[in-house]
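Note: the block below is upload02.cif and it holds mmCIF, N, CA and C atoms.
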data_target
#
loop_
_atom_site.label_atom_id
_atom_site.label_comp_id
_atom_site.auth_asym_id
_atom_site.auth_seq_id
_atom_site.Cartn_x
_atom_site.Cartn_y
_atom_site.Cartn_z
N MET A 150 -8.34 -12.01 -5.38
CA MET A 150 -7.17 -11.53 -4.67
C MET A 150 -7.06 -12.20 -3.31
N VAL A 151 -8.17 -12.33 -2.62
CA VAL A 151 -8.15 -12.97 -1.30
C VAL A 151 -7.68 -14.42 -1.43
N TRP A 152 -8.15 -15.11 -2.47
CA TRP A 152 -7.74 -16.50 -2.68
C TRP A 152 -6.25 -16.58 -2.97
N GLU A 153 -5.76 -15.68 -3.81
CA GLU A 153 -4.35 -15.70 -4.14
C GLU A 153 -3.48 -15.43 -2.91
N LEU A 154 -3.90 -14.50 -2.07
CA LEU A 154 -3.15 -14.22 -0.84
C LEU A 154 -3.16 -15.43 0.08
N HIS A 155 -4.30 -16.09 0.15
CA HIS A 155 -4.40 -17.29 1.00
C HIS A 155 -3.50 -18.39 0.46
N ASP A 156 -3.47 -18.57 -0.86
CA ASP A 156 -2.64 -19.61 -1.48
C ASP A 156 -1.16 -19.37 -1.29
N THR A 157 -0.74 -18.12 -1.20
CA THR A 157 0.68 -17.81 -1.02
C THR A 157 1.12 -17.91 0.43
N GLY A 158 0.17 -18.08 1.32
CA GLY A 158 0.50 -18.19 2.73
C GLY A 158 0.65 -16.85 3.44
N ARG A 159 0.33 -15.78 2.75
CA ARG A 159 0.42 -14.45 3.38
C ARG A 159 -0.81 -14.23 4.24
N CYS A 160 -0.59 -13.68 5.39
CA CYS A 160 -1.69 -13.44 6.32
C CYS A 160 -1.89 -11.93 6.48
N LEU A 161 -2.96 -11.42 5.91
CA LEU A 161 -3.28 -10.00 6.06
C LEU A 161 -4.24 -9.84 7.22
N GLN A 162 -4.02 -8.80 7.99
CA GLN A 162 -4.89 -8.52 9.13
C GLN A 162 -5.79 -7.33 8.86
N PHE A 163 -5.32 -6.36 8.08
CA PHE A 163 -6.05 -5.12 7.89
C PHE A 163 -6.08 -4.71 6.42
N LEU A 164 -7.17 -4.06 6.04
CA LEU A 164 -7.28 -3.40 4.75
C LEU A 164 -7.66 -1.96 5.04
N ILE A 165 -6.82 -1.04 4.64
CA ILE A 165 -7.07 0.38 4.89
C ILE A 165 -7.45 1.03 3.57
N HIS A 166 -8.60 1.69 3.56
CA HIS A 166 -8.99 2.44 2.37
C HIS A 166 -9.84 3.64 2.76
N ASP A 167 -9.92 4.58 1.83
CA ASP A 167 -10.69 5.79 2.10
C ASP A 167 -12.18 5.52 1.93
N ASN A 168 -12.96 6.55 2.02
CA ASN A 168 -14.42 6.41 1.99
C ASN A 168 -15.00 6.69 0.61
N ASP A 169 -14.22 6.44 -0.41
CA ASP A 169 -14.67 6.61 -1.79
C ASP A 169 -15.83 5.65 -2.06
N CYS A 170 -16.79 6.11 -2.84
CA CYS A 170 -17.96 5.29 -3.13
C CYS A 170 -17.62 4.07 -3.99
N SER A 171 -16.43 4.00 -4.55
CA SER A 171 -16.04 2.82 -5.33
C SER A 171 -15.80 1.61 -4.43
N PHE A 172 -15.61 1.82 -3.14
CA PHE A 172 -15.47 0.72 -2.19
C PHE A 172 -16.83 0.46 -1.56
N SER A 173 -17.56 -0.50 -2.10
CA SER A 173 -18.91 -0.79 -1.63
C SER A 173 -18.88 -1.69 -0.40
N LYS A 174 -20.03 -1.89 0.20
CA LYS A 174 -20.15 -2.79 1.34
C LYS A 174 -19.82 -4.23 0.91
N ALA A 175 -20.18 -4.58 -0.32
CA ALA A 175 -19.87 -5.92 -0.82
C ALA A 175 -18.35 -6.12 -0.94
N PHE A 176 -17.64 -5.07 -1.35
CA PHE A 176 -16.18 -5.11 -1.43
C PHE A 176 -15.60 -5.41 -0.06
N ASP A 177 -16.06 -4.67 0.95
CA ASP A 177 -15.58 -4.89 2.32
C ASP A 177 -15.96 -6.27 2.83
N ALA A 178 -17.15 -6.76 2.46
CA ALA A 178 -17.62 -8.06 2.95
C ALA A 178 -16.72 -9.20 2.49
N VAL A 179 -16.17 -9.09 1.29
CA VAL A 179 -15.26 -10.13 0.79
C VAL A 179 -14.05 -10.26 1.70
N PHE A 180 -13.48 -9.14 2.08
CA PHE A 180 -12.29 -9.17 2.93
C PHE A 180 -12.65 -9.55 4.37
N GLU A 181 -13.77 -9.07 4.85
CA GLU A 181 -14.19 -9.42 6.21
C GLU A 181 -14.46 -10.91 6.33
N SER A 182 -14.99 -11.53 5.27
CA SER A 182 -15.25 -12.98 5.30
C SER A 182 -13.94 -13.77 5.39
N ALA A 183 -12.86 -13.18 4.96
CA ALA A 183 -11.55 -13.82 5.06
C ALA A 183 -10.85 -13.50 6.37
N GLY A 184 -11.52 -12.79 7.26
CA GLY A 184 -10.95 -12.46 8.56
C GLY A 184 -10.08 -11.22 8.56
N ILE A 185 -10.21 -10.39 7.54
CA ILE A 185 -9.42 -9.17 7.43
C ILE A 185 -10.26 -7.99 7.93
N SER A 186 -9.72 -7.23 8.86
CA SER A 186 -10.44 -6.08 9.40
C SER A 186 -10.32 -4.90 8.45
N ILE A 187 -11.44 -4.21 8.24
CA ILE A 187 -11.48 -3.05 7.36
C ILE A 187 -11.30 -1.80 8.20
N ILE A 188 -10.36 -0.95 7.81
CA ILE A 188 -10.14 0.33 8.50
C ILE A 188 -10.34 1.43 7.47
N HIS A 189 -11.28 2.32 7.75
CA HIS A 189 -11.56 3.44 6.87
C HIS A 189 -10.79 4.66 7.36
N THR A 190 -10.23 5.40 6.42
CA THR A 190 -9.57 6.64 6.81
C THR A 190 -10.65 7.64 7.22
N PRO A 191 -10.30 8.62 8.05
CA PRO A 191 -11.31 9.58 8.51
C PRO A 191 -11.87 10.44 7.37
N PHE A 192 -13.12 10.85 7.54
CA PHE A 192 -13.73 11.77 6.57
C PHE A 192 -13.06 13.13 6.66
N GLN A 193 -12.93 13.79 5.56
CA GLN A 193 -12.40 15.15 5.46
C GLN A 193 -11.10 15.32 6.24
N ALA A 194 -10.21 14.36 6.06
CA ALA A 194 -8.92 14.42 6.73
C ALA A 194 -7.82 14.22 5.68
N PRO A 195 -7.51 15.27 4.92
CA PRO A 195 -6.56 15.11 3.82
C PRO A 195 -5.15 14.73 4.26
N ASN A 196 -4.82 14.96 5.51
CA ASN A 196 -3.47 14.63 5.98
C ASN A 196 -3.39 13.25 6.63
N ALA A 197 -4.48 12.50 6.58
CA ALA A 197 -4.48 11.18 7.23
C ALA A 197 -3.44 10.25 6.61
N ASN A 198 -3.21 10.37 5.34
CA ASN A 198 -2.24 9.52 4.66
C ASN A 198 -0.97 10.28 4.29
N ALA A 199 -0.66 11.32 4.99
CA ALA A 199 0.45 12.20 4.61
C ALA A 199 1.77 11.47 4.52
N HIS A 200 2.06 10.58 5.45
CA HIS A 200 3.35 9.89 5.42
C HIS A 200 3.45 8.96 4.22
N VAL A 201 2.38 8.27 3.92
CA VAL A 201 2.39 7.36 2.76
C VAL A 201 2.48 8.15 1.47
N GLU A 202 1.70 9.21 1.38
CA GLU A 202 1.72 10.02 0.16
C GLU A 202 3.08 10.67 -0.06
N ARG A 203 3.76 10.97 1.02
CA ARG A 203 5.10 11.56 0.93
C ARG A 203 6.09 10.56 0.35
N TRP A 204 5.83 9.27 0.53
CA TRP A 204 6.70 8.22 0.01
C TRP A 204 6.29 7.79 -1.40
N VAL A 205 5.00 7.76 -1.69
CA VAL A 205 4.50 7.24 -2.97
C VAL A 205 5.00 8.06 -4.16
N ARG A 206 4.93 9.36 -4.08
CA ARG A 206 5.34 10.18 -5.22
C ARG A 206 6.81 10.02 -5.58
N PRO A 207 7.73 10.16 -4.62
CA PRO A 207 9.15 9.97 -4.99
C PRO A 207 9.45 8.56 -5.49
N VAL A 208 8.83 7.56 -4.90
CA VAL A 208 9.08 6.19 -5.36
C VAL A 208 8.60 6.03 -6.80
N GLY A 209 7.47 6.62 -7.13
CA GLY A 209 6.98 6.57 -8.50
C GLY A 209 7.90 7.29 -9.46
N GLU A 210 8.29 8.50 -9.10
CA GLU A 210 9.10 9.33 -9.99
C GLU A 210 10.54 8.84 -10.11
N GLU A 211 11.12 8.42 -9.00
CA GLU A 211 12.54 8.08 -9.00
C GLU A 211 12.80 6.61 -9.30
N CYS A 212 11.81 5.78 -9.16
CA CYS A 212 12.04 4.34 -9.30
C CYS A 212 11.11 3.70 -10.32
N LEU A 213 9.83 3.66 -10.04
CA LEU A 213 8.89 2.90 -10.86
C LEU A 213 8.70 3.46 -12.26
N ASP A 214 8.91 4.75 -12.44
CA ASP A 214 8.79 5.34 -13.78
C ASP A 214 9.94 4.92 -14.69
N HIS A 215 10.99 4.32 -14.14
CA HIS A 215 12.17 3.98 -14.92
C HIS A 215 12.40 2.48 -15.03
N ILE A 216 11.50 1.67 -14.47
CA ILE A 216 11.68 0.22 -14.46
C ILE A 216 10.43 -0.45 -15.00
N LEU A 217 10.60 -1.46 -15.81
CA LEU A 217 9.49 -2.27 -16.29
C LEU A 217 9.35 -3.44 -15.32
N ILE A 218 8.25 -3.47 -14.59
CA ILE A 218 8.01 -4.50 -13.57
C ILE A 218 7.49 -5.76 -14.26
N ARG A 219 8.12 -6.89 -13.96
CA ARG A 219 7.76 -8.16 -14.60
C ARG A 219 6.63 -8.89 -13.90
N ASN A 220 6.64 -8.91 -12.57
CA ASN A 220 5.62 -9.65 -11.82
C ASN A 220 5.58 -9.11 -10.39
N ALA A 221 4.73 -9.72 -9.57
CA ALA A 221 4.54 -9.24 -8.20
C ALA A 221 5.81 -9.36 -7.37
N GLU A 222 6.54 -10.44 -7.56
CA GLU A 222 7.77 -10.63 -6.78
C GLU A 222 8.81 -9.56 -7.14
N HIS A 223 8.89 -9.25 -8.44
CA HIS A 223 9.82 -8.22 -8.88
C HIS A 223 9.43 -6.87 -8.29
N LEU A 224 8.14 -6.56 -8.31
CA LEU A 224 7.66 -5.30 -7.72
C LEU A 224 8.00 -5.23 -6.24
N GLN A 225 7.77 -6.32 -5.53
CA GLN A 225 8.06 -6.33 -4.10
C GLN A 225 9.55 -6.10 -3.85
N ARG A 226 10.42 -6.76 -4.61
CA ARG A 226 11.86 -6.58 -4.44
C ARG A 226 12.28 -5.15 -4.75
N VAL A 227 11.74 -4.57 -5.82
CA VAL A 227 12.07 -3.20 -6.19
C VAL A 227 11.61 -2.23 -5.10
N LEU A 228 10.40 -2.42 -4.58
CA LEU A 228 9.90 -1.51 -3.55
C LEU A 228 10.69 -1.62 -2.25
N ILE A 229 11.10 -2.83 -1.90
CA ILE A 229 11.91 -3.00 -0.68
C ILE A 229 13.25 -2.27 -0.83
N GLU A 230 13.92 -2.47 -1.96
CA GLU A 230 15.20 -1.79 -2.17
C GLU A 230 15.03 -0.29 -2.25
N SER A 231 13.95 0.16 -2.89
CA SER A 231 13.70 1.59 -3.01
C SER A 231 13.42 2.21 -1.65
N SER A 232 12.66 1.52 -0.82
CA SER A 232 12.35 2.10 0.50
C SER A 232 13.57 2.10 1.40
N GLN A 233 14.46 1.11 1.25
CA GLN A 233 15.70 1.13 2.03
C GLN A 233 16.56 2.32 1.63
N ASP A 234 16.65 2.57 0.33
CA ASP A 234 17.41 3.71 -0.17
C ASP A 234 16.76 5.01 0.26
N TYR A 235 15.45 5.07 0.19
CA TYR A 235 14.70 6.27 0.56
C TYR A 235 14.94 6.61 2.03
N ASN A 236 14.94 5.58 2.89
CA ASN A 236 15.11 5.80 4.32
C ASN A 236 16.53 6.18 4.70
N THR A 237 17.52 5.77 3.92
CA THR A 237 18.89 6.10 4.27
C THR A 237 19.40 7.37 3.59
N SER A 238 18.86 7.70 2.42
CA SER A 238 19.40 8.84 1.69
C SER A 238 18.66 10.14 1.98
N ARG A 239 17.62 10.10 2.77
CA ARG A 239 16.85 11.31 3.06
C ARG A 239 16.65 11.53 4.57
N PRO A 240 17.69 11.43 5.36
CA PRO A 240 17.50 11.58 6.79
C PRO A 240 17.05 12.97 7.21
N GLN A 241 17.40 13.98 6.41
CA GLN A 241 17.03 15.34 6.77
C GLN A 241 15.52 15.56 6.74
N GLN A 242 14.79 14.73 6.03
CA GLN A 242 13.35 14.93 5.92
C GLN A 242 12.59 14.34 7.10
N TYR A 243 13.26 13.63 7.97
CA TYR A 243 12.58 13.01 9.10
C TYR A 243 12.82 13.72 10.41
N THR A 244 13.32 14.94 10.36
CA THR A 244 13.60 15.65 11.61
C THR A 244 12.39 16.46 12.03
#
Kindly transcribe the structure held in the file into structure tokens.
Amino acid sequence: MVWELHDTGRCLQFLIHDNDCSFSKAFDAVFESAGISIIHTPFQAPNANAHVERWVRPVGEECLDHILIRNAEHLQRVLIESSQDYNTSRPQQYT
């Protein structure tokens, strides 16, 4: 994945993940060797990702569950359009 990101010219600065044991030190070392800083979410903080989780479920239910994604570019385009729609059609939720 790191090689593919490098080949596409995308520059990642951070990798954010929780403290699940599936993310080993070796996993983090791969990204750190590429110059990507690892940020761990806080322990026992279920609301740390509240804003993202609030977006992930509706996007899955309203968008991704109804579309067959062909490739990464298609996914990116669909998510951009979905997030633009999400941000404009739900202003009452941001008060």
Atom-to-atom span, atom C of Phe176 in chain A and atom C of Ile188 in chain A, Å: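 We find that atom C of Phe176 in chain A and atom C of Ile188 in chain A lie 11.5 Å from each other.
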Residues returned when the PyMOL selection byres ((chain A and resi 186) around 7) runs on this file, as a ChimeraX atom specification: /A:161-165,180-181,183-185,187-188
Residue with smallest distance to Gln233 in chain A - pool A:Lys174, A:Arg219, A:Val208, A:Asn168, counting only C-alpha atoms: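 With only C-alpha atoms as the atom set, the closest residue is A:Val208.
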For the contact check between range 168-212 of chain A and range 223-228 of chain A, emit one row per residue of range 168-212 of chain A within 12 Å, containing the shortest atom pair and the distance in Å rounded to one decimal, counting only C-alpha atoms, chain then rising number order, as a tab-separated table.
residue	atom	partner	partner_atom	distance
A:Trp204	CA	A:Leu228	CA	10.8
A:Val205	CA	A:Leu228	CA	10.3
A:Pro207	CA	A:Leu228	CA	11.6
A:Val208	CA	A:Leu228	CA	8.0
A:Gly209	CA	A:Leu228	CA	9.9
A:Glu211	CA	A:Leu228	CA	11.3
A:Cys212	CA	A:Val227	CA	8.2
DSSP-assigned alpha helix (DSSP H) among range 153-244 of chain A, expressed as a tab-separated table (two decimals) with N, CA and C atoms, in the coordinates of the input:
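Result went into selection22.tsv, see below:
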chain	number	residue	atom	x	y	z
A	153	GLU	N	-5.76	-15.68	-3.81
A	153	GLU	CA	-4.35	-15.70	-4.14
A	153	GLU	C	-3.48	-15.43	-2.91
A	154	LEU	N	-3.90	-14.50	-2.07
A	154	LEU	CA	-3.15	-14.22	-0.84
A	154	LEU	C	-3.16	-15.43	0.08
A	155	HIS	N	-4.30	-16.09	0.15
A	155	HIS	CA	-4.40	-17.29	1.00
A	155	HIS	C	-3.50	-18.39	0.46
A	156	ASP	N	-3.47	-18.57	-0.86
A	156	ASP	CA	-2.64	-19.61	-1.48
A	156	ASP	C	-1.16	-19.37	-1.29
A	157	THR	N	-0.74	-18.12	-1.20
A	157	THR	CA	0.68	-17.81	-1.02
A	157	THR	C	1.12	-17.91	0.43
A	174	LYS	N	-20.03	-1.89	0.20
A	174	LYS	CA	-20.15	-2.79	1.34
A	174	LYS	C	-19.82	-4.23	0.91
A	175	ALA	N	-20.18	-4.58	-0.32
A	175	ALA	CA	-19.87	-5.92	-0.82
A	175	ALA	C	-18.35	-6.12	-0.94
A	176	PHE	N	-17.64	-5.07	-1.35
A	176	PHE	CA	-16.18	-5.11	-1.43
A	176	PHE	C	-15.60	-5.41	-0.06
A	177	ASP	N	-16.06	-4.67	0.95
A	177	ASP	CA	-15.58	-4.89	2.32
A	177	ASP	C	-15.96	-6.27	2.83
A	178	ALA	N	-17.15	-6.76	2.46
A	178	ALA	CA	-17.62	-8.06	2.95
A	178	ALA	C	-16.72	-9.20	2.49
A	179	VAL	N	-16.17	-9.09	1.29
A	179	VAL	CA	-15.26	-10.13	0.79
A	179	VAL	C	-14.05	-10.26	1.70
A	180	PHE	N	-13.48	-9.14	2.08
A	180	PHE	CA	-12.29	-9.17	2.93
A	180	PHE	C	-12.65	-9.55	4.37
A	181	GLU	N	-13.77	-9.07	4.85
A	181	GLU	CA	-14.19	-9.42	6.21
A	181	GLU	C	-14.46	-10.91	6.33
A	182	SER	N	-14.99	-11.53	5.27
A	182	SER	CA	-15.25	-12.98	5.30
A	182	SER	C	-13.94	-13.77	5.39
A	199	ALA	N	-0.66	11.32	4.99
A	199	ALA	CA	0.45	12.20	4.61
A	199	ALA	C	1.77	11.47	4.52
A	200	HIS	N	2.06	10.58	5.45
A	200	HIS	CA	3.35	9.89	5.42
A	200	HIS	C	3.45	8.96	4.22
A	201	VAL	N	2.38	8.27	3.92
A	201	VAL	CA	2.39	7.36	2.76
A	201	VAL	C	2.48	8.15	1.47
A	202	GLU	N	1.70	9.21	1.38
A	202	GLU	CA	1.72	10.02	0.16
A	202	GLU	C	3.08	10.67	-0.06
A	203	ARG	N	3.76	10.97	1.02
A	203	ARG	CA	5.10	11.56	0.93
A	203	ARG	C	6.09	10.56	0.35
A	204	TRP	N	5.83	9.27	0.53
A	204	TRP	CA	6.70	8.22	0.01
A	204	TRP	C	6.29	7.79	-1.40
A	205	VAL	N	5.00	7.76	-1.69
A	205	VAL	CA	4.50	7.24	-2.97
A	205	VAL	C	5.00	8.06	-4.16
A	206	ARG	N	4.93	9.36	-4.08
A	206	ARG	CA	5.34	10.18	-5.22
A	206	ARG	C	6.81	10.02	-5.58
A	207	PRO	N	7.73	10.16	-4.62
A	207	PRO	CA	9.15	9.97	-4.99
A	207	PRO	C	9.45	8.56	-5.49
A	208	VAL	N	8.83	7.56	-4.90
A	208	VAL	CA	9.08	6.19	-5.36
A	208	VAL	C	8.60	6.03	-6.80
A	209	GLY	N	7.47	6.62	-7.13
A	209	GLY	CA	6.98	6.57	-8.50
A	209	GLY	C	7.90	7.29	-9.46
A	210	GLU	N	8.29	8.50	-9.10
A	210	GLU	CA	9.10	9.33	-9.99
A	210	GLU	C	10.54	8.84	-10.11
A	211	GLU	N	11.12	8.42	-9.00
A	211	GLU	CA	12.54	8.08	-9.00
A	211	GLU	C	12.80	6.61	-9.30
A	221	ALA	N	4.73	-9.72	-9.57
A	221	ALA	CA	4.54	-9.24	-8.20
A	221	ALA	C	5.81	-9.36	-7.37
A	222	GLU	N	6.54	-10.44	-7.56
A	222	GLU	CA	7.77	-10.63	-6.78
A	222	GLU	C	8.81	-9.56	-7.14
A	223	HIS	N	8.89	-9.25	-8.44
A	223	HIS	CA	9.82	-8.22	-8.88
A	223	HIS	C	9.43	-6.87	-8.29
A	224	LEU	N	8.14	-6.56	-8.31
A	224	LEU	CA	7.66	-5.30	-7.72
A	224	LEU	C	8.00	-5.23	-6.24
A	225	GLN	N	7.77	-6.32	-5.53
A	225	GLN	CA	8.06	-6.33	-4.10
A	225	GLN	C	9.55	-6.10	-3.85
A	226	ARG	N	10.42	-6.76	-4.61
A	226	ARG	CA	11.86	-6.58	-4.44
A	226	ARG	C	12.28	-5.15	-4.75
A	227	VAL	N	11.74	-4.57	-5.82
A	227	VAL	CA	12.07	-3.20	-6.19
A	227	VAL	C	11.61	-2.23	-5.10
A	228	LEU	N	10.40	-2.42	-4.58
A	228	LEU	CA	9.90	-1.51	-3.55
A	228	LEU	C	10.69	-1.62	-2.25
A	229	ILE	N	11.10	-2.83	-1.90
A	229	ILE	CA	11.91	-3.00	-0.68
A	229	ILE	C	13.25	-2.27	-0.83
A	230	GLU	N	13.92	-2.47	-1.96
A	230	GLU	CA	15.20	-1.79	-2.17
A	230	GLU	C	15.03	-0.29	-2.25
A	231	SER	N	13.95	0.16	-2.89
A	231	SER	CA	13.70	1.59	-3.01
A	231	SER	C	13.42	2.21	-1.65
A	232	SER	N	12.66	1.52	-0.82
A	232	SER	CA	12.35	2.10	0.50
A	232	SER	C	13.57	2.10	1.40
A	233	GLN	N	14.46	1.11	1.25
A	233	GLN	CA	15.70	1.13	2.03
A	233	GLN	C	16.56	2.32	1.63
A	234	ASP	N	16.65	2.57	0.33
A	234	ASP	CA	17.41	3.71	-0.17
A	234	ASP	C	16.76	5.01	0.26
A	235	TYR	N	15.45	5.07	0.19
A	235	TYR	CA	14.70	6.27	0.56
A	235	TYR	C	14.94	6.61	2.03
A	236	ASN	N	14.94	5.58	2.89
A	236	ASN	CA	15.11	5.80	4.32
A	236	ASN	C	16.53	6.18	4.70
A	237	THR	N	17.52	5.77	3.92
A	237	THR	CA	18.89	6.10	4.27
A	237	THR	C	19.40	7.37	3.59
A	238	SER	N	18.86	7.70	2.42
A	238	SER	CA	19.40	8.84	1.69
A	238	SER	C	18.66	10.14	1.98
Straight-line distance linking CA of Thr190 in chain A with CA of His166 in chain A, stated in Å to one decimal: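 Rounded to one decimal, the two atoms are 6.1 Å apart.
Pairwise distance (atom N of Ala178 in chain A, atom C of Glu222 in chain A) equals 27.8 Å.
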